[in-house]
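Peer 1: One structure is given below, represented as C-alpha cells, and several questions about it will come after.
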Amino acid sequence: MGRYRLILLITVILAMGVMATSYISYRVSRASIHDAIVESMLPLTSDNIYSEIQKDLIRPVFISSMMASDTFLRDWVLEGEQNHDRISRYLWEVQNRYGAFVSFFVSDRSRNYYYNRGLLKQVSPDVEDDAWYYRARGMQAPYEINVDRNTSHADGLIIFINYKVLDYDGSYLGLVGVGLAVDSVQKLVSHYQHKFKRDVYFIDAEGLVRLSGSRYHATGSRIQDKPGLEQVFRQARQQGAPASFEYDRQDSRQLINIRFIPELNWYLCVEQNESEATRDIRHALHANLLLCLVVTAIVVALVHVVLRRYQGKLETMATTDTLTGLPNRRAFDIVIDIFRNENDRARSNLAFITLDIDHFKAINDRLGHFGGDHVLVEAARILKSSTRAADFICRWGGEEFLLVVKDCDEHNAMLLAEKMRSAIEHEAIGYKGAQIRITASLGVAVARAGDKVEAMLERADQALYEAKRAGRNRAVLGAVDR
C-alpha cells in the first residue's frame with residue numbers, strides 16, 4: 001500500500017506541476033506574442049526579404065556594369081554610331097546570354113534609344129516619359145535602380161538598371177542597362193509570402209500597392225481606401241527608419257513592419273494577423289500540454305516499475321546473504337513459522353542441521369579474507385548441490401550454515417548430514433592454482449509437533465559442539481529431552 005500511495009502522490013505532483021507550468025506558459029506566451037512579432041518576427045522577415053531583393057538585383061547590376069565598360073560599345077559610340085544593326089545584335093546577345101527581360105542603350109550624343117530590335121526613339125527633355133534619362137544623366141552614382149514603364153513592351157512595368165557609360169577619358173557617353181519584368185519580381189513576392197507565412201506587399205510613395213502577394217492588399221489598390229493602414233503608412237514615412245505598427249482591419253488586429261527600399265523607391269510591408277499568430281502558439285501549447293501529460297504517464301509507469309523492482313530487490317537483499325547467495329538469518333525468521341505451522345498440522349518431524357567449517361580461522365589466516373570468502377562460497381555451492389530444492393539452507397553467521405528439512409526423522413536427518421559432510425570432505429576447492437581441502441562438523445536435532453524452534457536450535461548447536469569436541473569432521477545427533 002505504501003508503494004501505491006507514493007505513486008499516487010508522484011502522479012498528483014507531476015500532473016499539477018505540468019498543468020500549472022503549461023497554464024503559466026500559455027499566459028506568458030499570450031502576453032509576449034505581441035512583442036515577439038513586433039520586435040523580432042516581422043523585422044526579421046523584412047530583413048530577409050530585403051536581403052533577397054538585393055541578392056536578386058546583384059546580377060543585373062553586374063551585367064549593366066560589364067556593358068558600361070565594354071570597349072565595343074564605347075568604340076561604336078566614339079566612331080559615330082554607324083550601322084545600327086551592330087548595336088542591336090549586341091543588345092540582343094546580352095539579353096539572351098544573361099536572361100534579361102530587356103537591354104538598352106541611350107546615346108547622349110544622338111539622344112537615340114537603342115534596344116535589341118534597333119532604334120526605338122529619340123529621348124527629349126520635353127517628353128515626360130523621358131524625364132528618367134535626364135534625371136539619371138545627372139546622378140552622382142555610377143548607376144541607379146528604377147521602376148518605370150517600358151514603351152517597347154506595351155508599357156509594362158520594368159525594374160531598370162541604368163548604368164553610366166564613360167569614354168576612355170571619363171567623359172559621359174550615355175546610359176546602358178538591363179531590365180527585369182515586374183512579373184518575375186511578383187513571383188518572388190509570392191515566394192516570400194509562402195516562405196514566411198505572412199502578407200508581403202510593396203507600396204510606392206503615393207500609396208499605390210505596386211506588388212503584392214496578399215489577397216486583401218491587391219496589386220493596384222490604394223491604401224487610402226484602408227484608413228487604418230493609411231494612418232500607419234503616414235507614420236512610417238515620417239519616422240523614416242524601419243518600424244513596426246498596429247492597426248485594426250475589420251474585426252482583427254494587424255501587426256505590420258514597414259521599411260523603405262531605396263533601390264526601388266518603394267516601401268516593403270510585412271503584415272501578420274495577431275489572432276492567427278496567437279492561435280498557432282495556442283495550438284503549440286496544447287500540443288505541449290498533451291505531450292507533457294503523456295510524458296507524465298510514462299514517468300509514473302516507470303516509477304511504478306522501478307519502485308516495484310527496487311522493493312523486490314530490497315526484500316531480496318534483506319533476506320539474502322550477499323557473499324554466498326544463500327538466504328540469511330532474517331529469511332530463516334520469515335520461513336520458520338511457515339515450516340512449524342505445516343509441521344504441527346501434519347504431525348510430522350522437522351529436522352535442524354547446523355554445519356560449521358572446521359578450522360576456518362586458520363584458513364582465513366593462510367589464504368587471507370578473500371581466500372576465506374572463496375571457501376565460504378564454494379562450501380555454500382556444495383551444500384546446495386547436496387540438498388533438495390524443498391530443503392531450506394541458509395548462512396547462519398560467519399562460517400556456520402543451517403539446514404531445515406521438513407518431514408524428516410532422526411535416521412534420515414543423519415543420512416543427509418553425513419552426505420553433506422562427505423561432499424565437503426571430498427571436494428577439492430581451487431584457489432590461485434592451489435587445491436584446498438576442508439572439513440565440516442555438523443549438529444542434528446529433530447523437532448516433533450509442539451516443540452519450540454529455539455529449543456531445537458539450541459539442541460542442534462550443542463550437538464555441533466559435541467562434534468567439534470569429538471575431533472571434528474563428523475555429524476552428531478542431539479539428545480532428545482523427554
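Naming scheme: A, B, ... for chains in displayed order of the C-alpha cells; residues 1 onward per chain; ligands 1 onward as shown.
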Taking only residues of region 18-106 of chain A that have an atom at most 10 Å from an atom of region 157-178 of chain A, what is each one's shortest atom pair and its distance in Å to one decimal, using only C-alpha atoms, in chain and number order, as CSV?

Peer 2:
```
residue,atom,partner,partner_atom,distance
A:Leu57,CA,A:Ile161,CA,8.7
A:Pro60,CA,A:Val178,CA,6.5
A:Val61,CA,A:Ile161,CA,6.2
A:Phe62,CA,A:Ile161,CA,9.6
A:Ile63,CA,A:Val178,CA,7.5
A:Ser64,CA,A:Gly177,CA,4.7
A:Ser65,CA,A:Tyr163,CA,6.7
A:Met66,CA,A:Gly177,CA,9.4
A:Met67,CA,A:Val176,CA,6.9
A:Ala68,CA,A:Val165,CA,4.8
A:Ser69,CA,A:Val165,CA,7.0
A:Asp70,CA,A:Val165,CA,9.1
A:Thr71,CA,A:Asp167,CA,9.0
A:Leu73,CA,A:Val165,CA,8.8
A:Arg74,CA,A:Asp167,CA,6.2
A:Asp75,CA,A:Asp167,CA,8.4
A:Val77,CA,A:Leu173,CA,7.5
A:Leu78,CA,A:Asp167,CA,8.0
A:Leu91,CA,A:Val178,CA,9.2
A:Val94,CA,A:Val178,CA,8.7
A:Gln95,CA,A:Val178,CA,7.7
A:Tyr98,CA,A:Val178,CA,9.7
A:Gly99,CA,A:Val178,CA,9.8
A:Ala100,CA,A:Val178,CA,6.2
A:Phe101,CA,A:Val178,CA,7.3
A:Val102,CA,A:Val178,CA,5.5
A:Ser103,CA,A:Val178,CA,4.2
A:Phe104,CA,A:Gly177,CA,5.7
A:Phe105,CA,A:Val176,CA,4.3
A:Val106,CA,A:Leu175,CA,5.2
```

Peer 1: What does the file look like for those residues with C-alpha atoms, as a PDB file, in the first residue's frame?

Peer 2:
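Dumped everything to part_38.pdb:
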```
ATOM      1  CA  LEU A  57      19.403  42.685 -58.136  1.00  0.00           C
ATOM      2  CA  PRO A  60      21.540  42.633 -63.407  1.00  0.00           C
ATOM      3  CA  VAL A  61      23.726  45.333 -61.823  1.00  0.00           C
ATOM      4  CA  PHE A  62      26.794  43.256 -62.684  1.00  0.00           C
ATOM      5  CA  ILE A  63      25.560  42.779 -66.266  1.00  0.00           C
ATOM      6  CA  SER A  64      24.987  46.503 -66.664  1.00  0.00           C
ATOM      7  CA  SER A  65      28.447  47.216 -65.252  1.00  0.00           C
ATOM      8  CA  MET A  66      30.054  44.920 -67.838  1.00  0.00           C
ATOM      9  CA  MET A  67      28.110  46.601 -70.631  1.00  0.00           C
ATOM     10  CA  ALA A  68      29.174  50.058 -69.439  1.00  0.00           C
ATOM     11  CA  SER A  69      32.856  49.060 -69.548  1.00  0.00           C
ATOM     12  CA  ASP A  70      32.633  47.123 -72.826  1.00  0.00           C
ATOM     13  CA  THR A  71      35.155  48.506 -75.365  1.00  0.00           C
ATOM     14  CA  LEU A  73      30.089  49.788 -77.007  1.00  0.00           C
ATOM     15  CA  ARG A  74      32.353  52.747 -76.315  1.00  0.00           C
ATOM     16  CA  ASP A  75      34.208  52.395 -79.630  1.00  0.00           C
ATOM     17  CA  VAL A  77      29.696  55.399 -79.992  1.00  0.00           C
ATOM     18  CA  LEU A  78      33.026  57.207 -80.493  1.00  0.00           C
ATOM     19  CA  LEU A  91      21.948  44.186 -77.059  1.00  0.00           C
ATOM     20  CA  VAL A  94      23.371  40.462 -73.880  1.00  0.00           C
ATOM     21  CA  GLN A  95      19.657  39.883 -73.381  1.00  0.00           C
ATOM     22  CA  TYR A  98      22.134  36.694 -69.400  1.00  0.00           C
ATOM     23  CA  GLY A  99      18.377  36.133 -69.426  1.00  0.00           C
ATOM     24  CA  ALA A 100      17.399  39.812 -69.079  1.00  0.00           C
ATOM     25  CA  PHE A 101      13.885  40.888 -69.951  1.00  0.00           C
ATOM     26  CA  VAL A 102      15.136  43.899 -71.906  1.00  0.00           C
ATOM     27  CA  SER A 103      18.502  45.518 -72.685  1.00  0.00           C
ATOM     28  CA  PHE A 104      19.041  49.094 -73.905  1.00  0.00           C
ATOM     29  CA  PHE A 105      21.471  51.903 -74.628  1.00  0.00           C
ATOM     30  CA  VAL A 106      20.729  55.630 -74.804  1.00  0.00           C
TER      31      VAL A 106
END
```

Peer 1: Looking only at strand (DSSP E or B) from DSSP on the backbone, list the matching residues of region 147-385 of chain A as a ChimeraX atom specification.

Peer 2: /A:147-150,156-166,172-181,199-204,208-212,222,243-249,252-261,266-273,320,327,350-357

Peer 1: How would the residues just chosen look if you wrote them out with C-alpha atoms as a PDB file, in the first residue's frame?

Peer 2:
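Written file, out-v5.pdb:
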```pdb
ATOM      1  CA  VAL A 147      10.975  51.121 -61.681  1.00  0.00           C
ATOM      2  CA  ASP A 148       9.327  52.527 -64.782  1.00  0.00           C
ATOM      3  CA  ARG A 149       7.208  51.605 -67.773  1.00  0.00           C
ATOM      4  CA  ASN A 150       8.852  50.343 -70.943  1.00  0.00           C
ATOM      5  CA  GLY A 156       4.807  47.043 -68.972  1.00  0.00           C
ATOM      6  CA  LEU A 157       6.257  47.818 -65.553  1.00  0.00           C
ATOM      7  CA  ILE A 158      10.015  47.109 -65.551  1.00  0.00           C
ATOM      8  CA  ILE A 159      12.777  47.329 -62.960  1.00  0.00           C
ATOM      9  CA  PHE A 160      15.626  49.047 -64.842  1.00  0.00           C
ATOM     10  CA  ILE A 161      19.319  49.141 -64.009  1.00  0.00           C
ATOM     11  CA  ASN A 162      20.568  52.443 -65.502  1.00  0.00           C
ATOM     12  CA  TYR A 163      24.385  52.489 -65.710  1.00  0.00           C
ATOM     13  CA  LYS A 164      26.542  55.416 -66.902  1.00  0.00           C
ATOM     14  CA  VAL A 165      28.831  54.833 -69.898  1.00  0.00           C
ATOM     15  CA  LEU A 166      32.047  56.864 -69.917  1.00  0.00           C
ATOM     16  CA  TYR A 172      29.856  60.872 -70.352  1.00  0.00           C
ATOM     17  CA  LEU A 173      28.610  58.900 -73.393  1.00  0.00           C
ATOM     18  CA  GLY A 174      25.150  57.746 -72.322  1.00  0.00           C
ATOM     19  CA  LEU A 175      23.207  55.171 -70.298  1.00  0.00           C
ATOM     20  CA  VAL A 176      23.205  51.415 -70.705  1.00  0.00           C
ATOM     21  CA  GLY A 177      21.456  48.688 -68.788  1.00  0.00           C
ATOM     22  CA  VAL A 178      19.027  45.817 -68.499  1.00  0.00           C
ATOM     23  CA  GLY A 179      15.533  45.491 -67.175  1.00  0.00           C
ATOM     24  CA  LEU A 180      13.644  42.909 -65.114  1.00  0.00           C
ATOM     25  CA  ALA A 181       9.939  42.441 -65.641  1.00  0.00           C
ATOM     26  CA  ASP A 199       1.364  39.078 -46.106  1.00  0.00           C
ATOM     27  CA  VAL A 200       4.066  40.752 -48.191  1.00  0.00           C
ATOM     28  CA  TYR A 201       3.427  43.761 -50.435  1.00  0.00           C
ATOM     29  CA  PHE A 202       5.094  46.938 -51.718  1.00  0.00           C
ATOM     30  CA  ILE A 203       3.633  50.456 -51.625  1.00  0.00           C
ATOM     31  CA  ASP A 204       5.000  53.415 -53.564  1.00  0.00           C
ATOM     32  CA  LEU A 208      -0.382  52.659 -54.503  1.00  0.00           C
ATOM     33  CA  VAL A 209       0.158  48.928 -53.929  1.00  0.00           C
ATOM     34  CA  ARG A 210       2.683  48.108 -56.676  1.00  0.00           C
ATOM     35  CA  LEU A 211       3.404  44.448 -55.899  1.00  0.00           C
ATOM     36  CA  SER A 212       1.516  42.150 -53.586  1.00  0.00           C
ATOM     37  CA  ARG A 222      -4.678  52.190 -52.785  1.00  0.00           C
ATOM     38  CA  ALA A 243       9.455  50.304 -37.765  1.00  0.00           C
ATOM     39  CA  SER A 244       6.535  48.160 -36.629  1.00  0.00           C
ATOM     40  CA  PHE A 245       2.970  49.361 -36.167  1.00  0.00           C
ATOM     41  CA  GLU A 246      -0.526  48.111 -35.372  1.00  0.00           C
ATOM     42  CA  TYR A 247      -3.898  48.802 -36.893  1.00  0.00           C
ATOM     43  CA  ASP A 248      -7.393  47.324 -36.904  1.00  0.00           C
ATOM     44  CA  ARG A 249      -8.661  45.652 -40.057  1.00  0.00           C
ATOM     45  CA  SER A 252      -8.871  41.679 -36.330  1.00  0.00           C
ATOM     46  CA  ARG A 253      -5.716  43.299 -35.079  1.00  0.00           C
ATOM     47  CA  GLN A 254      -2.934  43.573 -37.652  1.00  0.00           C
ATOM     48  CA  LEU A 255       0.765  43.844 -36.860  1.00  0.00           C
ATOM     49  CA  ILE A 256       2.877  45.351 -39.636  1.00  0.00           C
ATOM     50  CA  ASN A 257       6.527  46.212 -40.266  1.00  0.00           C
ATOM     51  CA  ILE A 258       7.265  48.899 -42.868  1.00  0.00           C
ATOM     52  CA  ARG A 259      10.661  49.730 -44.313  1.00  0.00           C
ATOM     53  CA  PHE A 260      11.813  51.846 -47.238  1.00  0.00           C
ATOM     54  CA  ILE A 261      13.567  50.089 -50.146  1.00  0.00           C
ATOM     55  CA  TRP A 266       9.059  51.620 -52.614  1.00  0.00           C
ATOM     56  CA  TYR A 267       8.002  50.655 -49.093  1.00  0.00           C
ATOM     57  CA  LEU A 268       8.121  46.992 -48.120  1.00  0.00           C
ATOM     58  CA  CYS A 269       5.253  45.928 -45.854  1.00  0.00           C
ATOM     59  CA  VAL A 270       5.268  42.641 -43.922  1.00  0.00           C
ATOM     60  CA  GLU A 271       1.985  42.055 -42.114  1.00  0.00           C
ATOM     61  CA  GLN A 272       0.550  39.395 -39.815  1.00  0.00           C
ATOM     62  CA  ASN A 273      -2.798  38.849 -38.163  1.00  0.00           C
ATOM     63  CA  THR A 320      19.874 -12.953   1.110  1.00  0.00           C
ATOM     64  CA  PRO A 327      19.152 -16.976   2.416  1.00  0.00           C
ATOM     65  CA  LEU A 350      11.215 -31.073  11.343  1.00  0.00           C
ATOM     66  CA  ALA A 351      14.985 -31.574  11.221  1.00  0.00           C
ATOM     67  CA  PHE A 352      17.548 -28.865  12.044  1.00  0.00           C
ATOM     68  CA  ILE A 353      21.157 -29.378  10.897  1.00  0.00           C
ATOM     69  CA  THR A 354      23.849 -26.873  11.833  1.00  0.00           C
ATOM     70  CA  LEU A 355      27.168 -27.012   9.978  1.00  0.00           C
ATOM     71  CA  ASP A 356      30.442 -25.300  10.833  1.00  0.00           C
ATOM     72  CA  ILE A 357      33.588 -25.350   8.659  1.00  0.00           C
TER      73      ILE A 357
END
```

Peer 1: Per residue of region 292-367 of chain A within 12 Å of region 398-415 of chain A, record the nearest atom pair and its distance in Å to one decimal, counting only C-alpha atoms, with rows in chain order and ascending residue number, as CSV.

Peer 2:
```
residue,atom,partner,partner_atom,distance
A:Asp321,CA,A:Gly398,CA,10.9
A:Leu323,CA,A:Gly398,CA,10.8
A:Thr324,CA,A:Phe401,CA,10.7
A:Leu326,CA,A:Phe401,CA,9.5
A:Pro327,CA,A:Leu402,CA,10.0
A:Asn328,CA,A:Phe401,CA,9.3
A:Arg329,CA,A:Leu402,CA,9.1
A:Ala331,CA,A:Leu402,CA,11.6
A:Phe332,CA,A:Leu402,CA,9.1
A:Asp333,CA,A:Val404,CA,11.9
A:Val335,CA,A:Val404,CA,10.0
A:Ile336,CA,A:Val404,CA,8.5
A:Asp337,CA,A:Val404,CA,11.9
A:Ile338,CA,A:Lys406,CA,10.8
A:Phe339,CA,A:Lys406,CA,7.2
A:Arg340,CA,A:Lys406,CA,9.0
A:Asn341,CA,A:Lys406,CA,11.1
A:Glu342,CA,A:Lys406,CA,8.7
A:Asn343,CA,A:Lys406,CA,7.3
A:Asp344,CA,A:Asp407,CA,10.7
A:Arg345,CA,A:Asp407,CA,11.6
A:Ala346,CA,A:Asp407,CA,8.7
A:Arg347,CA,A:Asp407,CA,9.1
A:Ser348,CA,A:Asp407,CA,5.5
A:Asn349,CA,A:Asp407,CA,4.9
A:Leu350,CA,A:Lys406,CA,4.9
A:Ala351,CA,A:Val405,CA,5.1
A:Phe352,CA,A:Val404,CA,4.8
A:Ile353,CA,A:Leu403,CA,5.0
A:Thr354,CA,A:Leu402,CA,4.5
A:Leu355,CA,A:Phe401,CA,5.0
A:Asp356,CA,A:Glu400,CA,4.4
A:Ile357,CA,A:Glu399,CA,5.8
A:Asp358,CA,A:Glu399,CA,8.7
A:His359,CA,A:Glu399,CA,9.7
A:Phe360,CA,A:Glu399,CA,7.0
A:Lys361,CA,A:Glu399,CA,9.2
A:Ile363,CA,A:Glu399,CA,10.9
A:Asn364,CA,A:Glu399,CA,10.6
```

Peer 1: I need the residues of region 310-417 of chain A that end up classed as alpha helix (DSSP H) by DSSP on the backbone, written out as an MDAnalysis selection string.

Peer 2: chainID A and resid 310:319 329:346 360:385 410:417

Peer 1: Hey, what's within 7 Å of Val123 (chain A) if we count only C-alpha atoms and toss same-chain stuff fewer than 5 positions away? As a compact mmCIF listing (two decimals) with C-alpha atoms, in the first residue's frame, please?

Peer 2:
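Result written to result11.txt:
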```txt
# COMPACT_ATOMS: atom_id res chain seq x y z
CA ARG A 111 19.76 61.05 -77.95
CA ASN A 112 18.97 57.72 -79.66
CA TYR A 113 17.31 54.99 -77.57
CA ASP A 130 11.93 60.61 -70.97
```

Peer 1: Which is closest to Asn288 (chain A) among A:Met16, A:Ser25, A:Ala479, A:Lys121, if we use only C-alpha atoms?

Peer 2: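 Closest candidate: A:Ser25.
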
Peer 1: Can you tell me which residues surround Ile429 (chain A) at a distance of at most 10 Å, considering only C-alpha atoms, apart from same-chain residues fewer than 5 positions away, and format the answer as a list in words?

Peer 2: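 My list of contacting residues is His374, Val375, Glu378, Ala379, Ile424, Ala434, Gln435, Ile436, Arg437 and Ile438 of chain A.
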
Peer 1: Of the candidates A:Leu416, A:Gly443, A:Ala236, A:Arg109, which shows the shortest atom-to-atom distance to Ala460 (chain A), using only C-alpha atoms?

Peer 2: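 Distance minimum relative to Ala460 (chain A) lands on A:Gly443.
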